[in-house]
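A.B. asks: Have a look at this one.
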Amino acid sequence: DARVTQTPRHKVTEMGQEVTMRCQPILGHNTVFWYRQTMMQGLELLAYFRNRAPLDDSGMPKDRFSAEMPDATLATLKIQPSEPRDSAVYFCASGLAHANNSPLHFGNGTRLTVT
Amino acid sequence: KQEVTQIPAALSVPEGENLVLNCSFTDSAIYNLQWFRQDPGKGLTSLLLIQSSQREQTSGRLNASLDKSSGRSTLYIAASQPGDSATYLCAVNPWGQNFVFGPGTRLSVLP
């Protein structure tokens, strides 16, 4: 059963520390999304890749966040330095671009707590 | 700019009832629309996907409809069960843009 895998599931860190979250998209999917979910804001799109190229990262605070896809099987989201307001659940999702019958698949998320 | 709203924000029903969740979007130029379920502490699970050329999709006790001209989709759940308790989100995929999610409807089905 193909699934999107995210690590770690939970991360607690102190303010100022670097945080790296990883995502393995479903094999064959060519689009990868990073979302952040909070009670107040709901789901917010942070970054979007197609064929490993970043297409939209306008939702990401550029001074501290960075997203990359070193290869087709790995997407990373880094926060440096982290702040308490970054505490949220971060989701990765993957899909197939230009296939309007292909659903978006989500990982189980990384719950980040910055103290 | 595409905006997605969902009504109601929360819903509590006794087991066995049929129920309807509503999703509205502002721009009818969409590629597809998906309904997701999210359980506490979990990611989103895709329930149904309706392509822009389709009017409805069915899976088991779930039926989703799409009316692009009015910017509406409904998710119908028949014979609700306590295991259906979760948050239900709809997301539209506008042409050439990223998925836009609604805020969700939190459903509680009481035994």
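Going through the structure tokens in order, the chains are called A, B, and so on, while each chain numbers its residues from 1 and the ligands are numbered from 1 in the order shown.
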Could you go through chain A and tell me which residues DSSP, when run on the backbone, assigns to strand (DSSP E or B), listing them as an NGL selection string?

C.D. replies: :A and (5-7 or 10-13 or 19-24 or 31-38 or 42-50 or 53-56 or 65-71 or 74-79 or 88-95 or 105-106 or 110-114)

A.B. asks: As a list of chain:residue names, please: the residues near range 47-62 of chain A (cut-off 10 Å, only C-alpha atoms, same-chain neighbours under 6 positions excluded).

C.D. replies: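 Listing them by chain and then by number gives A:His29, A:Asn30, A:Thr31, A:Val32, A:Phe33, A:Trp34, A:Tyr35, A:Arg36, A:Glu68, A:Met69, A:Pro70, A:Asp71, A:Ala72, A:Thr73, A:Leu74, A:Ala75, A:Leu77, A:Ile79, A:Cys92, A:Ala93, A:Ser94, A:Gly95, A:Leu96, A:Ala97, B:Gln97, B:Asn98.
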
A.B. asks: As a list in words, could you give me every residue of chain B near chain A (at most 7 Å apart, counting only C-alpha atoms)?

C.D. replies: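 Here is what falls inside 7 Å: Tyr31, Asn32, Lys42, Gly43, Leu44, Thr45, Ser46, Leu49, Gln51, Phe101 and Pro103 of chain B.
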
A.B. asks: Taking all heavy atoms for each residue, export the selection above as a PDB file, in the first residue's frame.

C.D. replies:
```pdb
ATOM      1  N   TYR B  31      -9.983  22.041 -11.680  1.00  0.00           N
ATOM      2  CA  TYR B  31      -9.510  20.812 -12.308  1.00  0.00           C
ATOM      3  C   TYR B  31     -10.238  19.618 -11.696  1.00  0.00           C
ATOM      4  O   TYR B  31     -10.673  18.717 -12.382  1.00  0.00           O
ATOM      5  CB  TYR B  31      -8.011  20.726 -12.061  1.00  0.00           C
ATOM      6  CG  TYR B  31      -7.202  19.988 -13.071  1.00  0.00           C
ATOM      7  CD1 TYR B  31      -7.434  20.135 -14.432  1.00  0.00           C
ATOM      8  CD2 TYR B  31      -6.171  19.162 -12.663  1.00  0.00           C
ATOM      9  CE1 TYR B  31      -6.662  19.476 -15.356  1.00  0.00           C
ATOM     10  CE2 TYR B  31      -5.390  18.501 -13.590  1.00  0.00           C
ATOM     11  CZ  TYR B  31      -5.636  18.662 -14.929  1.00  0.00           C
ATOM     12  OH  TYR B  31      -4.875  18.003 -15.849  1.00  0.00           O
ATOM     13  N   ASN B  32     -10.297  19.622 -10.367  1.00  0.00           N
ATOM     14  CA  ASN B  32     -11.046  18.610  -9.645  1.00  0.00           C
ATOM     15  C   ASN B  32     -11.315  19.099  -8.235  1.00  0.00           C
ATOM     16  O   ASN B  32     -10.855  20.173  -7.833  1.00  0.00           O
ATOM     17  CB  ASN B  32     -10.312  17.258  -9.623  1.00  0.00           C
ATOM     18  CG  ASN B  32      -8.940  17.321  -8.969  1.00  0.00           C
ATOM     19  OD1 ASN B  32      -8.754  17.968  -7.942  1.00  0.00           O
ATOM     20  ND2 ASN B  32      -7.962  16.646  -9.555  1.00  0.00           N
ATOM     21  N   LYS B  42      -3.717  12.696  12.978  1.00  0.00           N
ATOM     22  CA  LYS B  42      -3.386  11.989  11.739  1.00  0.00           C
ATOM     23  C   LYS B  42      -3.349  12.945  10.555  1.00  0.00           C
ATOM     24  O   LYS B  42      -3.762  14.101  10.649  1.00  0.00           O
ATOM     25  CB  LYS B  42      -4.453  10.911  11.458  1.00  0.00           C
ATOM     26  CG  LYS B  42      -4.584   9.867  12.545  1.00  0.00           C
ATOM     27  CD  LYS B  42      -3.457   8.875  12.512  1.00  0.00           C
ATOM     28  CE  LYS B  42      -3.712   7.720  13.445  1.00  0.00           C
ATOM     29  NZ  LYS B  42      -2.623   6.726  13.405  1.00  0.00           N
ATOM     30  N   GLY B  43      -2.849  12.408   9.435  1.00  0.00           N
ATOM     31  CA  GLY B  43      -2.898  13.169   8.203  1.00  0.00           C
ATOM     32  C   GLY B  43      -4.274  13.093   7.566  1.00  0.00           C
ATOM     33  O   GLY B  43      -5.207  12.534   8.124  1.00  0.00           O
ATOM     34  N   LEU B  44      -4.380  13.687   6.380  1.00  0.00           N
ATOM     35  CA  LEU B  44      -5.644  13.679   5.654  1.00  0.00           C
ATOM     36  C   LEU B  44      -5.724  12.440   4.777  1.00  0.00           C
ATOM     37  O   LEU B  44      -4.758  12.090   4.095  1.00  0.00           O
ATOM     38  CB  LEU B  44      -5.753  14.934   4.784  1.00  0.00           C
ATOM     39  CG  LEU B  44      -6.137  16.229   5.472  1.00  0.00           C
ATOM     40  CD1 LEU B  44      -5.060  16.747   6.398  1.00  0.00           C
ATOM     41  CD2 LEU B  44      -6.511  17.284   4.434  1.00  0.00           C
ATOM     42  N   THR B  45      -6.882  11.820   4.776  1.00  0.00           N
ATOM     43  CA  THR B  45      -7.122  10.652   3.940  1.00  0.00           C
ATOM     44  C   THR B  45      -8.111  11.028   2.854  1.00  0.00           C
ATOM     45  O   THR B  45      -9.196  11.543   3.150  1.00  0.00           O
ATOM     46  CB  THR B  45      -7.692   9.495   4.776  1.00  0.00           C
ATOM     47  OG1 THR B  45      -6.753   9.151   5.806  1.00  0.00           O
ATOM     48  CG2 THR B  45      -7.953   8.280   3.899  1.00  0.00           C
ATOM     49  N   SER B  46      -7.743  10.782   1.608  1.00  0.00           N
ATOM     50  CA  SER B  46      -8.636  11.109   0.502  1.00  0.00           C
ATOM     51  C   SER B  46      -9.828  10.157   0.490  1.00  0.00           C
ATOM     52  O   SER B  46      -9.665   8.937   0.549  1.00  0.00           O
ATOM     53  CB  SER B  46      -7.881  11.010  -0.826  1.00  0.00           C
ATOM     54  OG  SER B  46      -8.727  11.349  -1.904  1.00  0.00           O
ATOM     55  N   LEU B  49     -12.738  11.840  -5.060  1.00  0.00           N
ATOM     56  CA  LEU B  49     -12.250  12.876  -5.970  1.00  0.00           C
ATOM     57  C   LEU B  49     -13.242  12.981  -7.116  1.00  0.00           C
ATOM     58  O   LEU B  49     -13.629  11.969  -7.699  1.00  0.00           O
ATOM     59  CB  LEU B  49     -10.860  12.521  -6.508  1.00  0.00           C
ATOM     60  CG  LEU B  49     -10.209  13.512  -7.486  1.00  0.00           C
ATOM     61  CD1 LEU B  49      -8.698  13.491  -7.328  1.00  0.00           C
ATOM     62  CD2 LEU B  49     -10.589  13.214  -8.931  1.00  0.00           C
ATOM     63  N   GLN B  51     -13.754  14.752 -10.728  1.00  0.00           N
ATOM     64  CA  GLN B  51     -13.136  15.510 -11.812  1.00  0.00           C
ATOM     65  C   GLN B  51     -14.096  16.609 -12.264  1.00  0.00           C
ATOM     66  O   GLN B  51     -15.307  16.515 -12.055  1.00  0.00           O
ATOM     67  CB  GLN B  51     -12.813  14.585 -12.979  1.00  0.00           C
ATOM     68  CG  GLN B  51     -11.844  13.479 -12.623  1.00  0.00           C
ATOM     69  CD  GLN B  51     -11.665  12.492 -13.759  1.00  0.00           C
ATOM     70  OE1 GLN B  51     -11.474  12.895 -14.908  1.00  0.00           O
ATOM     71  NE2 GLN B  51     -11.720  11.217 -13.454  1.00  0.00           N
ATOM     72  N   PHE B 101      -7.799  24.563   0.337  1.00  0.00           N
ATOM     73  CA  PHE B 101      -8.578  23.791   1.287  1.00  0.00           C
ATOM     74  C   PHE B 101      -9.607  24.654   2.001  1.00  0.00           C
ATOM     75  O   PHE B 101      -9.370  25.834   2.275  1.00  0.00           O
ATOM     76  CB  PHE B 101      -7.649  23.170   2.337  1.00  0.00           C
ATOM     77  CG  PHE B 101      -6.926  21.950   1.866  1.00  0.00           C
ATOM     78  CD1 PHE B 101      -5.773  22.067   1.102  1.00  0.00           C
ATOM     79  CD2 PHE B 101      -7.402  20.681   2.165  1.00  0.00           C
ATOM     80  CE1 PHE B 101      -5.105  20.939   0.651  1.00  0.00           C
ATOM     81  CE2 PHE B 101      -6.740  19.549   1.724  1.00  0.00           C
ATOM     82  CZ  PHE B 101      -5.591  19.682   0.958  1.00  0.00           C
ATOM     83  N   PRO B 103     -11.934  25.109   5.603  1.00  0.00           N
ATOM     84  CA  PRO B 103     -11.559  25.008   7.018  1.00  0.00           C
ATOM     85  C   PRO B 103     -12.004  23.702   7.671  1.00  0.00           C
ATOM     86  O   PRO B 103     -11.546  23.366   8.758  1.00  0.00           O
ATOM     87  CB  PRO B 103     -12.272  26.200   7.660  1.00  0.00           C
ATOM     88  CG  PRO B 103     -13.452  26.434   6.774  1.00  0.00           C
ATOM     89  CD  PRO B 103     -13.010  26.075   5.382  1.00  0.00           C
TER      90      PRO B 103
END
```

A.B. asks: Skip Ser65 in chain B itself and residues of its chain fewer than 6 positions away, then list as a PyMOL selection string all residues within 12 Å of it, counting only C-alpha atoms.

C.D. replies: chain B and resi 20-24+32-35+48-59+71-77+90

A.B. asks: By how many Å are CA of Thr76 in chain A and CA of Met15 in chain A apart?

C.D. replies: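 Separation between CA of Thr76 in chain A and CA of Met15 in chain A: 19.8 Å.
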
A.B. asks: Could you tell me which of A:Thr115, A:Thr38, A:Ser87, A:Thr20 comes closest to Phe65 in chain A if we count only C-alpha atoms?

C.D. replies: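 Comparing A:Thr115, A:Thr38, A:Ser87, A:Thr20 against Phe65 in chain A, the winner is A:Thr20.
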
A.B. asks: Might you pull out every residue within 8 Å of Thr26 in chain B, with only C-alpha atoms counted and same-chain residues fewer than 3 positions away left off, and present them as a PyMOL selection string?

C.D. replies: chain B and resi 2-4+71

A.B. asks: Do you know which residues are at most 7 Å from Gly16 in chain B counting only C-alpha atoms, after dropping those on the same chain fewer than 6 positions away, and could you put them as a list in words?

C.D. replies: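 Non-adjacent residues within range: Ala79, Ser80 and Gln81 of chain B.
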
A.B. asks: Rounded to one decimal place, report the CA of Asp67 in chain B-CA of Pro8 in chain B distance in Å.

C.D. replies: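 Taking CA of Asp67 in chain B and CA of Pro8 in chain B, their separation equals 18.5 Å.
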
A.B. asks: Out of B:Lys68, B:Arg106, B:Arg61, B:Lys1, which residue has the shortest atom-to-atom distance to Glu17 in chain B when counting only C-alpha atoms?

C.D. replies: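 Checking each candidate against Glu17 in chain B, we get B:Arg61 as the closest.
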